[in-house]
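Q: First the structure, then my questions, so here it is.
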Protein chains: 2
Amino acid sequence: MTEPSGRRERKKAATRRKIADTALRLFLERGYDEVGIRDIAAEADVAVTTVFSHFASKEALVFEQDSNFEENLRGAVEGREPAEPLIPALRGEIQALVRHCTADSVAPVWRMIDGSPALREYEESMRLRHAESLAAAMAADPGLGRTPTACRAIARFVVDAYSVAREAADPEAAVDEVFRMIEAAWAAASPAVSR
Amino acid sequence: MTEPSGRRERKKAATRRKIADTALRLFLERGYDEVGIRDIAAEADVAVTTVFSHFASKEALVFEQDSNFEENLRGAVEGREPAEPLIPALRGEIQALVRHCTADSVAPVWRMIDGSPALREYEESMRLRHAESLAAAMAADPGLGRTPTACRAIARFVVDAYSVAREAADPEAAVDEVFRMIEAAWAAASPAVSR
DNA sequence: CGATTAAAAGCTAACTGTTAGCTTTTGGTA
DNA sequence: TACCAAAAGCTAACAGTTAGCTTTTAATCG
């Protein structure tokens, strides 16, 4: 009931990392579709059920290392200076996330994701959950003065910016371009503008 | 090699409809997750492989009757009067689609969809394909004068409007609200505004 | 220390959507 | 009539995922 001294948690984390690392290595070596869960379990020397006790699905293994999108976006809303405007804060965060996922060091992973319909679909569905979480954070800030519907819309637009930018020739320029549009949409959602 | 007299096509269509009808009935009776493909095949008196030769997946059985979202949106872009502005045309189309799916006659189906994570995920992923198709139609219209990135962003925003409206208390009002934002975003994407 | 507890990992066996490979039926055509 | 190709069927399997139960092991307590 008291504080665990940590060995258990360390071992658990080690198992988790071993599984994720093994999976990613195999995926990159042979291709996502060519590697089965049973292959991963065997190579990581764990049982299949252990894989699923750490990861909810095969796809989740790939996005394990994904810097946490959701928390960063929430943080950009909740942790900003009193007078700091919302949209530029979100733009900065999306810009950082786009830069992070276009870095050379993770390029092979993203090439793999782009090459697999299952992974693309999983990612979009994940981003949608992130958008809902972002919308909730925005709706919880009374200083913004927008309707819940407007918050949900803008939250989706922000996630769209990420997706559109990722497949654009110049991702960072695309983020700026889409955010000029989002800025205008946000202004139009102001109560003062609605009549 | 010449014109088939039609019996074959009629029989094929009949099989398809029988499968879709049986599936929908079972889903509504017992719940989506409680009905397996093997159940549907048995009840429709066809082989499992026949089900999959007509429908790509279990989820696709549910969206069979969905009025074709994709074509309607493309049509709103391609088939409008020379001087008719784009965004209001799209708003009208989305308005019609939202009205259609909130009608009482299809309410149980949408309640089922909303109750199943698998179906919600499938729908969003389907809408995303629709958005890509819409973006292509927009990008193909030289009169619009917007970048491909802006077209992709607006296409996603339009599909977002549909999704946000569907879960709003007053769906039709939500469509109008989100489209005021989209109108502003579209204006901000005009080359004249970019500097 | 030794006994105990609960988390973590393991094993087996299944279930479910989906597909491959091959055979049979059947509508349309020469 | 004979033939072709589309449609449907059958069997068996594969892959992701889960349920149920047992074994191991880190942490706690008498």
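Convention: chains lettered A, B, ... in structure tokens order; per-chain residue numbering from 1; ligands numbered from 1 as shown.
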Can you write out as JSON lines which residues of chain B fall within 10 Å of chain D, alongside each residue's closest atom pair and its distance in Å to one decimal, counting only C-alpha atoms (C1' of nucleotides) and ordering rows by chain and ascending residue number?
A:
```
{"residue": "B:Met1", "atom": "CA", "partner": "D:DA5", "partner_atom": "C1'", "distance": 9.8}
{"residue": "B:Arg8", "atom": "CA", "partner": "D:DA6", "partner_atom": "C1'", "distance": 8.6}
{"residue": "B:Glu9", "atom": "CA", "partner": "D:DA6", "partner_atom": "C1'", "distance": 10.0}
{"residue": "B:Lys11", "atom": "CA", "partner": "D:DA7", "partner_atom": "C1'", "distance": 9.4}
{"residue": "B:Lys12", "atom": "CA", "partner": "D:DA7", "partner_atom": "C1'", "distance": 7.6}
{"residue": "B:Val46", "atom": "CA", "partner": "D:DA8", "partner_atom": "C1'", "distance": 8.0}
{"residue": "B:Ala47", "atom": "CA", "partner": "D:DG9", "partner_atom": "C1'", "distance": 6.2}
{"residue": "B:Val48", "atom": "CA", "partner": "D:DG9", "partner_atom": "C1'", "distance": 9.0}
{"residue": "B:Thr49", "atom": "CA", "partner": "D:DG9", "partner_atom": "C1'", "distance": 8.0}
{"residue": "B:Thr50", "atom": "CA", "partner": "D:DA8", "partner_atom": "C1'", "distance": 6.5}
{"residue": "B:Ser53", "atom": "CA", "partner": "D:DA7", "partner_atom": "C1'", "distance": 9.4}
```
Q: Kindly provide, as a tab-separated table (two decimals) with N, CA and C atoms (P, O5', C5', C4', C3', O3' and C1' of nucleotides), in the first residue's frame, the residues of chain C having any atom no farther than 12 Å from an atom of chain A, counting only C-alpha atoms (C1' of nucleotides).
A:
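Resulting contents of iface07.tsv:
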```
chain	number	residue	atom	x	y	z
C	5	DT	P	-2.85	-13.29	2.07
C	5	DT	O5'	-2.61	-12.12	1.01
C	5	DT	C5'	-2.23	-10.83	1.50
C	5	DT	C4'	-1.85	-9.94	0.33
C	5	DT	C3'	-2.78	-10.05	-0.88
C	5	DT	O3'	-3.12	-8.74	-1.29
C	5	DT	C1'	-0.54	-10.35	-1.55
C	6	DA	P	-4.43	-8.45	-2.13
C	6	DA	O5'	-3.80	-7.73	-3.38
C	6	DA	C5'	-2.73	-6.78	-3.18
C	6	DA	C4'	-1.97	-6.63	-4.47
C	6	DA	C3'	-2.83	-6.66	-5.73
C	6	DA	O3'	-2.30	-5.72	-6.64
C	6	DA	C1'	-1.22	-8.34	-5.87
C	7	DA	P	-3.13	-5.24	-7.87
C	7	DA	O5'	-1.98	-4.88	-8.90
C	7	DA	C5'	-0.77	-4.31	-8.41
C	7	DA	C4'	0.40	-4.80	-9.24
C	7	DA	C3'	0.19	-4.71	-10.75
C	7	DA	O3'	1.35	-4.14	-11.31
C	7	DA	C1'	0.77	-6.92	-10.15
C	8	DA	P	1.37	-3.71	-12.84
C	8	DA	O5'	2.11	-4.95	-13.51
C	8	DA	C5'	3.41	-5.32	-13.04
C	8	DA	C4'	3.85	-6.61	-13.70
C	8	DA	C3'	3.67	-6.65	-15.21
C	8	DA	O3'	4.95	-6.90	-15.77
C	8	DA	C1'	2.86	-8.63	-14.20
C	9	DA	P	5.16	-6.94	-17.35
C	9	DA	O5'	5.09	-8.49	-17.69
C	9	DA	C5'	6.00	-9.36	-17.03
C	9	DA	C4'	5.60	-10.80	-17.29
C	9	DA	C3'	5.37	-11.14	-18.76
C	9	DA	O3'	6.32	-12.11	-19.15
C	9	DA	C1'	3.68	-12.06	-17.35
C	10	DG	P	6.27	-12.73	-20.62
C	10	DG	O5'	5.39	-14.04	-20.37
C	10	DG	C5'	5.87	-15.02	-19.47
C	10	DG	C4'	4.94	-16.21	-19.46
C	10	DG	C3'	4.56	-16.68	-20.86
C	10	DG	O3'	5.01	-18.03	-21.05
C	10	DG	C1'	2.63	-16.44	-19.47
C	11	DC	P	4.87	-18.75	-22.44
C	11	DC	O5'	3.48	-19.48	-22.28
C	11	DC	C5'	3.23	-20.28	-21.12
C	11	DC	C4'	1.93	-21.04	-21.31
C	11	DC	C3'	1.66	-21.37	-22.78
C	11	DC	O3'	1.35	-22.75	-22.89
C	11	DC	C1'	-0.17	-20.13	-21.84
C	12	DT	P	1.14	-23.44	-24.30
C	12	DT	O5'	-0.45	-23.57	-24.36
C	12	DT	C5'	-1.17	-23.88	-23.16
C	12	DT	C4'	-2.65	-23.79	-23.42
C	12	DT	C3'	-3.07	-24.17	-24.84
C	12	DT	O3'	-4.12	-25.11	-24.76
C	12	DT	C1'	-3.93	-22.03	-24.28
```
Q: For a test of reading the model, state the distance in Å between atom CA of B:Met126 and atom CA of A:Glu132, rounded to one decimal.
A: 18.5 Å
Q: Could you build a table of the residues in chain A lying no more than 6 Å from chain B, giving for each the nearest pair of atoms and their separation in Å rounded to one decimal place, using only C-alpha atoms, ordered by chain and ascending residue number, as a Markdown table?
A:
```
| residue | atom | partner | partner_atom | distance |
| --- | --- | --- | --- | --- |
| A:Met181 | CA | B:Ala185 | CA | 4.2 |
| A:Ala184 | CA | B:Ala185 | CA | 5.3 |
| A:Ala185 | CA | B:Met181 | CA | 4.2 |
| A:Ala188 | CA | B:Met181 | CA | 5.4 |
```
Q: Could you write those residues out with C-alpha atoms, as a PDB file, in the first residue's frame?
A:
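Here's the written file selection.pdb:
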```pdb
ATOM      1  CA  MET A 181      -7.476  31.169 -42.424  1.00  0.00           C
ATOM      2  CA  ALA A 184     -10.084  34.782 -39.732  1.00  0.00           C
ATOM      3  CA  ALA A 185     -12.499  31.998 -38.807  1.00  0.00           C
ATOM      4  CA  ALA A 188     -15.745  35.602 -37.381  1.00  0.00           C
TER       5      ALA A 188
END
```
Q: I'd like the neighbourhood of A:Lys18 as a PyMOL selection string, where a residue qualifies if any of its atoms comes within 9 Å (using only C-alpha atoms (C1' of nucleotides)), though same-chain residues fewer than 5 positions away should be ignored.
A: chain A and resi 13+23+44
Q: Report as CSV: every residue of stretch 2-28 of chain C with an atom at most 12 Å from stretch 56-61 of chain B, its closest pair of atoms, and their distance in Å to one decimal, counting only C-alpha atoms (C1' of nucleotides), with rows sorted by chain and ascending residue number.
A:
```
residue,atom,partner,partner_atom,distance
C:DT16,C1',B:Lys58,CA,10.8
C:DG17,C1',B:Lys58,CA,7.6
C:DT18,C1',B:Ser57,CA,8.2
C:DT19,C1',B:Ala56,CA,11.4
```
Q: What residues in chain B get the DSSP label helix (DSSP H, G or I)? Please answer as a count of residues only.
A: 152
Q: Give me the residues within 12 Å of B:Gly31 as a PyMOL selection string, counting only C-alpha atoms (C1' of nucleotides) and dropping any in the same chain fewer than 5 places off.
A: chain B and resi 23-26+36+62+108-109+111-116+119
Q: Okay, now the selection with C-alpha atoms, as a PDB file, in the first residue's frame?
A:
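Here's the written file out.pdb:
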```pdb
ATOM      1  CA  ALA B  23     -27.619  -6.801 -41.992  1.00  0.00           C
ATOM      2  CA  LEU B  24     -29.344  -3.560 -41.076  1.00  0.00           C
ATOM      3  CA  ARG B  25     -32.295  -5.389 -39.605  1.00  0.00           C
ATOM      4  CA  LEU B  26     -30.094  -7.620 -37.465  1.00  0.00           C
ATOM      5  CA  GLY B  36     -21.282 -11.329 -36.740  1.00  0.00           C
ATOM      6  CA  VAL B  62     -24.223   0.225 -42.417  1.00  0.00           C
ATOM      7  CA  PRO B 108     -32.381   4.596 -35.223  1.00  0.00           C
ATOM      8  CA  VAL B 109     -29.571   4.039 -37.662  1.00  0.00           C
ATOM      9  CA  ARG B 111     -28.309   6.310 -32.949  1.00  0.00           C
ATOM     10  CA  MET B 112     -26.654   2.981 -33.631  1.00  0.00           C
ATOM     11  CA  ILE B 113     -23.727   4.652 -35.383  1.00  0.00           C
ATOM     12  CA  ASP B 114     -23.245   7.099 -32.542  1.00  0.00           C
ATOM     13  CA  GLY B 115     -23.253   4.198 -30.121  1.00  0.00           C
ATOM     14  CA  SER B 116     -20.482   2.263 -31.787  1.00  0.00           C
ATOM     15  CA  LEU B 119     -18.782   2.876 -36.785  1.00  0.00           C
TER      16      LEU B 119
END
```
Q: Please, what distance in Å, to one decimal, runs between atom CA of A:Trp110 and atom CA of A:His130?
A: 18.9 Å
